[in-house]
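Worksheet for the structure shown next.
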Amino acid sequence: MTGVEGLIFRKACREDVPSLVALLADDPLGQAREGTDLAPYLAAFDAIAAQPMHQIIVGELKGRIVATCQLTLLHGLSRQGMTRALVEAVRTAPELRGLGIGAALMAEAEARARAAGAGIIQLTTDKTRHRAHAFYDRLGYVASHLGYKKPLV
């Protein structure tokens with residue numbers, strides 16, 4: 001599927017957190033918002049791992065974490081009580097982009113969401129990430145909504 005032999009996807013474990021933080025920080029937006037103290041990331045990982053509706057997926061190649069995303073299932077009343085899947089923090093190692101790893105990661109997230117009963121999958125992406133927009137367009141995602149965020153801290 002990816003043209004990258006040996007790529008596997010699995011649920012993240014606590015020991016993966018330093019590699020995951022490195023992926024999150026490996027671009028201009030991430031550099032501005034991620035930190036070096038692992039304590040808050042480890043606490044967040046523990047909270048995520050304790051909730052069955054949340055999972056962090058990692059793509060591993062030759063023992064190295066090369067991709068990640070967080071998948072969250074949301075039950076709702078709209079759309080006749082449809083369960084939604086939310087994908088966040090999608091990252092692929094920059095030097096490996098264009099090899100199909102990101103597409104395979106998203107296919108993995110979609111398969112897990114479908115298996116959990118989700119009827120729709122959604123995500124947000126920063127307005128400045130034009131390459132990411134083109135990537136999601138290629139995968140069949142539609143920019144159908146306008147998203148808003150408001151910091152609470």
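Chain lettering (A, B, ...) mirrors the order of the structure tokens, residue numbering begins at 1 for each chain separately, and ligand numbering begins at 1 in order of display.
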**Request:** Would you list the contacts of stretch 92-109 of chain A as a list in words, taking every protein, DNA or RNA residue within 8 Å and counting only C-alpha atoms, but skipping same-chain residues closer than 3 positions in sequence?
**Result:** Met1, Thr2, Gly3, Val4, Phe9, Leu23, Asp26, Ile57, Gly59, Val66, Ala67, Thr68, Cys69, Leu71, Val87, Arg112, Ala113 and Leu139 of chain A
Output file for the residues above (C-alpha atoms, as a PDB file, in the first residue's frame):
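File produced: out.pdb:
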```
ATOM      1  CA  MET A   1       0.000   0.000   0.000  1.00  0.00           C
ATOM      2  CA  THR A   2       2.764   2.467   0.876  1.00  0.00           C
ATOM      3  CA  GLY A   3       5.723   1.242  -1.075  1.00  0.00           C
ATOM      4  CA  VAL A   4       7.524   1.295   2.296  1.00  0.00           C
ATOM      5  CA  PHE A   9       0.768   0.490  12.642  1.00  0.00           C
ATOM      6  CA  LEU A  23       7.177  14.533  15.372  1.00  0.00           C
ATOM      7  CA  ASP A  26       9.051  19.070  13.654  1.00  0.00           C
ATOM      8  CA  ILE A  57      -1.763   5.331  16.476  1.00  0.00           C
ATOM      9  CA  GLY A  59       3.520   4.075  12.276  1.00  0.00           C
ATOM     10  CA  VAL A  66       7.700   7.697  11.537  1.00  0.00           C
ATOM     11  CA  ALA A  67       4.014   8.668  11.725  1.00  0.00           C
ATOM     12  CA  THR A  68       1.281   9.284  14.250  1.00  0.00           C
ATOM     13  CA  CYS A  69      -2.266  10.494  14.766  1.00  0.00           C
ATOM     14  CA  LEU A  71      -8.191   8.947  16.931  1.00  0.00           C
ATOM     15  CA  VAL A  87      -8.509  12.605  13.837  1.00  0.00           C
ATOM     16  CA  ARG A 112     -10.209   1.527  13.156  1.00  0.00           C
ATOM     17  CA  ALA A 113     -12.994   4.126  13.187  1.00  0.00           C
ATOM     18  CA  LEU A 139      -7.782  11.121   0.180  1.00  0.00           C
TER      19      LEU A 139
END
```
**Request:** Write down as a VMD selection string the residues of chain A whose backbone DSSP state falls under helix (DSSP H, G or I).
**Result:** chain A and resid 14 to 24 28 to 33 39 to 49 78 to 81 94 to 96 101 to 115 130 to 138
**Message:** Which residue is closest to A:Thr125? Choose from A:Leu152, A:Leu29, A:Leu74, A:Ser19 and count only C-alpha atoms.
**Reply:**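 The closest residue to A:Thr125 is A:Leu29.
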At most 12 Å is the cut-off: for each residue in stretch 24-99 of chain A with any atom that close to an atom of stretch 114-120 of chain A, write down the nearest atom pair and the distance in Å rounded to one decimal, counting only C-alpha atoms, chain first then increasing number, as a Markdown table.
```
| residue | atom | partner | partner_atom | distance |
| --- | --- | --- | --- | --- |
| A:Pro52 | CA | A:Ala116 | CA | 10.7 |
| A:Met53 | CA | A:Ala116 | CA | 9.1 |
| A:His54 | CA | A:Ala116 | CA | 11.2 |
| A:Gln55 | CA | A:Ala116 | CA | 11.8 |
| A:Leu71 | CA | A:Ala116 | CA | 11.0 |
| A:Thr72 | CA | A:Ala118 | CA | 10.1 |
| A:Leu73 | CA | A:Ala118 | CA | 7.2 |
| A:Leu74 | CA | A:Ala118 | CA | 8.4 |
| A:His75 | CA | A:Ala118 | CA | 8.7 |
| A:Gly76 | CA | A:Ala118 | CA | 10.7 |
| A:Ser78 | CA | A:Gly119 | CA | 11.6 |
| A:Arg79 | CA | A:Gly119 | CA | 9.3 |
| A:Gln80 | CA | A:Gly119 | CA | 10.5 |
| A:Gly81 | CA | A:Gly119 | CA | 9.8 |
| A:Met82 | CA | A:Gly119 | CA | 6.1 |
| A:Thr83 | CA | A:Ala118 | CA | 4.6 |
| A:Arg84 | CA | A:Ala118 | CA | 5.1 |
| A:Ala85 | CA | A:Ala118 | CA | 5.9 |
| A:Leu86 | CA | A:Ile120 | CA | 8.7 |
| A:Val87 | CA | A:Ile120 | CA | 10.9 |
```
Put those residues in a file: N, CA and C atoms, as a PDB file, in the first residue's frame.
```pdb
ATOM      1  N   PRO A  52     -11.137   4.426  26.718  1.00  0.00           N
ATOM      2  CA  PRO A  52     -11.274   3.504  25.584  1.00  0.00           C
ATOM      3  C   PRO A  52     -11.709   4.181  24.274  1.00  0.00           C
ATOM      4  N   MET A  53     -12.251   5.384  24.339  1.00  0.00           N
ATOM      5  CA  MET A  53     -12.703   6.077  23.131  1.00  0.00           C
ATOM      6  C   MET A  53     -11.560   6.848  22.454  1.00  0.00           C
ATOM      7  N   HIS A  54     -10.383   6.807  23.032  1.00  0.00           N
ATOM      8  CA  HIS A  54      -9.228   7.522  22.497  1.00  0.00           C
ATOM      9  C   HIS A  54      -8.092   6.547  22.225  1.00  0.00           C
ATOM     10  N   GLN A  55      -7.365   6.809  21.172  1.00  0.00           N
ATOM     11  CA  GLN A  55      -6.143   6.039  20.936  1.00  0.00           C
ATOM     12  C   GLN A  55      -5.175   6.862  20.107  1.00  0.00           C
ATOM     13  N   LEU A  71      -6.837   9.276  17.372  1.00  0.00           N
ATOM     14  CA  LEU A  71      -8.191   8.947  16.931  1.00  0.00           C
ATOM     15  C   LEU A  71      -9.109   8.957  18.152  1.00  0.00           C
ATOM     16  N   THR A  72     -10.171   9.740  18.073  1.00  0.00           N
ATOM     17  CA  THR A  72     -11.136   9.838  19.165  1.00  0.00           C
ATOM     18  C   THR A  72     -12.524   9.550  18.615  1.00  0.00           C
ATOM     19  N   LEU A  73     -13.263   8.707  19.308  1.00  0.00           N
ATOM     20  CA  LEU A  73     -14.642   8.411  18.932  1.00  0.00           C
ATOM     21  C   LEU A  73     -15.572   9.276  19.768  1.00  0.00           C
ATOM     22  N   LEU A  74     -16.537   9.883  19.103  1.00  0.00           N
ATOM     23  CA  LEU A  74     -17.481  10.786  19.754  1.00  0.00           C
ATOM     24  C   LEU A  74     -18.899  10.303  19.474  1.00  0.00           C
ATOM     25  N   HIS A  75     -19.633  10.014  20.529  1.00  0.00           N
ATOM     26  CA  HIS A  75     -21.041   9.673  20.361  1.00  0.00           C
ATOM     27  C   HIS A  75     -21.834  10.972  20.329  1.00  0.00           C
ATOM     28  N   GLY A  76     -22.844  11.032  19.495  1.00  0.00           N
ATOM     29  CA  GLY A  76     -23.652  12.242  19.407  1.00  0.00           C
ATOM     30  C   GLY A  76     -25.086  11.925  19.065  1.00  0.00           C
ATOM     31  N   SER A  78     -26.825  14.014  16.839  1.00  0.00           N
ATOM     32  CA  SER A  78     -27.093  14.405  15.460  1.00  0.00           C
ATOM     33  C   SER A  78     -26.798  13.261  14.503  1.00  0.00           C
ATOM     34  N   ARG A  79     -27.338  13.390  13.309  1.00  0.00           N
ATOM     35  CA  ARG A  79     -27.208  12.345  12.288  1.00  0.00           C
ATOM     36  C   ARG A  79     -27.727  11.006  12.798  1.00  0.00           C
ATOM     37  N   GLN A  80     -28.870  11.087  13.487  1.00  0.00           N
ATOM     38  CA  GLN A  80     -29.546   9.902  14.004  1.00  0.00           C
ATOM     39  C   GLN A  80     -28.689   9.122  14.996  1.00  0.00           C
ATOM     40  N   GLY A  81     -27.963   9.853  15.826  1.00  0.00           N
ATOM     41  CA  GLY A  81     -27.149   9.218  16.859  1.00  0.00           C
ATOM     42  C   GLY A  81     -25.848   8.634  16.354  1.00  0.00           C
ATOM     43  N   MET A  82     -25.372   9.122  15.217  1.00  0.00           N
ATOM     44  CA  MET A  82     -24.165   8.574  14.600  1.00  0.00           C
ATOM     45  C   MET A  82     -22.923   8.822  15.460  1.00  0.00           C
ATOM     46  N   THR A  83     -22.081   7.826  15.527  1.00  0.00           N
ATOM     47  CA  THR A  83     -20.767   7.972  16.152  1.00  0.00           C
ATOM     48  C   THR A  83     -19.825   8.592  15.133  1.00  0.00           C
ATOM     49  N   ARG A  84     -19.071   9.583  15.581  1.00  0.00           N
ATOM     50  CA  ARG A  84     -18.084  10.252  14.729  1.00  0.00           C
ATOM     51  C   ARG A  84     -16.689   9.856  15.178  1.00  0.00           C
ATOM     52  N   ALA A  85     -15.777   9.905  14.243  1.00  0.00           N
ATOM     53  CA  ALA A  85     -14.368   9.731  14.578  1.00  0.00           C
ATOM     54  C   ALA A  85     -13.677  11.057  14.294  1.00  0.00           C
ATOM     55  N   LEU A  86     -12.858  11.483  15.209  1.00  0.00           N
ATOM     56  CA  LEU A  86     -12.091  12.716  15.079  1.00  0.00           C
ATOM     57  C   LEU A  86     -10.624  12.348  15.010  1.00  0.00           C
ATOM     58  N   VAL A  87      -9.939  12.855  13.989  1.00  0.00           N
ATOM     59  CA  VAL A  87      -8.509  12.605  13.837  1.00  0.00           C
ATOM     60  C   VAL A  87      -7.778  13.909  14.141  1.00  0.00           C
TER      61      VAL A  87
END
```
**Asked** What is the atom CA of A:Ala39-atom CA of A:Gln51 distance in Å, reported with one decimal?
**Response**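 Answer for the atom CA of A:Ala39 to atom CA of A:Gln51 separation: 19.0 Å.
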**Backbone-only DSSP, strand (DSSP E or B) members of stretch 20-143 of chain A, as a ChimeraX atom specification** = /A:54-61,64-75,83-92,118-123
**Residue nearest A:Gly147 - candidates A:His133, A:Lys127, A:Arg33, A:Arg10, atoms counted: only C-alpha atoms** =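 Ranked by minimum distance to A:Gly147, first place goes to A:Lys127.
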**Asked** For the atom pair atom CA of A:Ala22 and atom CA of A:Ala143, what is the interatomic distance in Å to one decimal place?
**Response**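 Going from atom CA of A:Ala22 over to atom CA of A:Ala143 covers 28.1 Å.
Near stretch 41-44 of chain A, within 10 Å and counting only C-alpha atoms, sit Arg14, Glu15, Asp16, Val17, Pro18, Leu20, Val21, Glu34, Gly35, Thr36, Asp37, Leu38, Ala39, Asp46, Ala47, Ile48, Ala49 and Ala50 of chain A; same-chain residues fewer than 2 positions away were not included.
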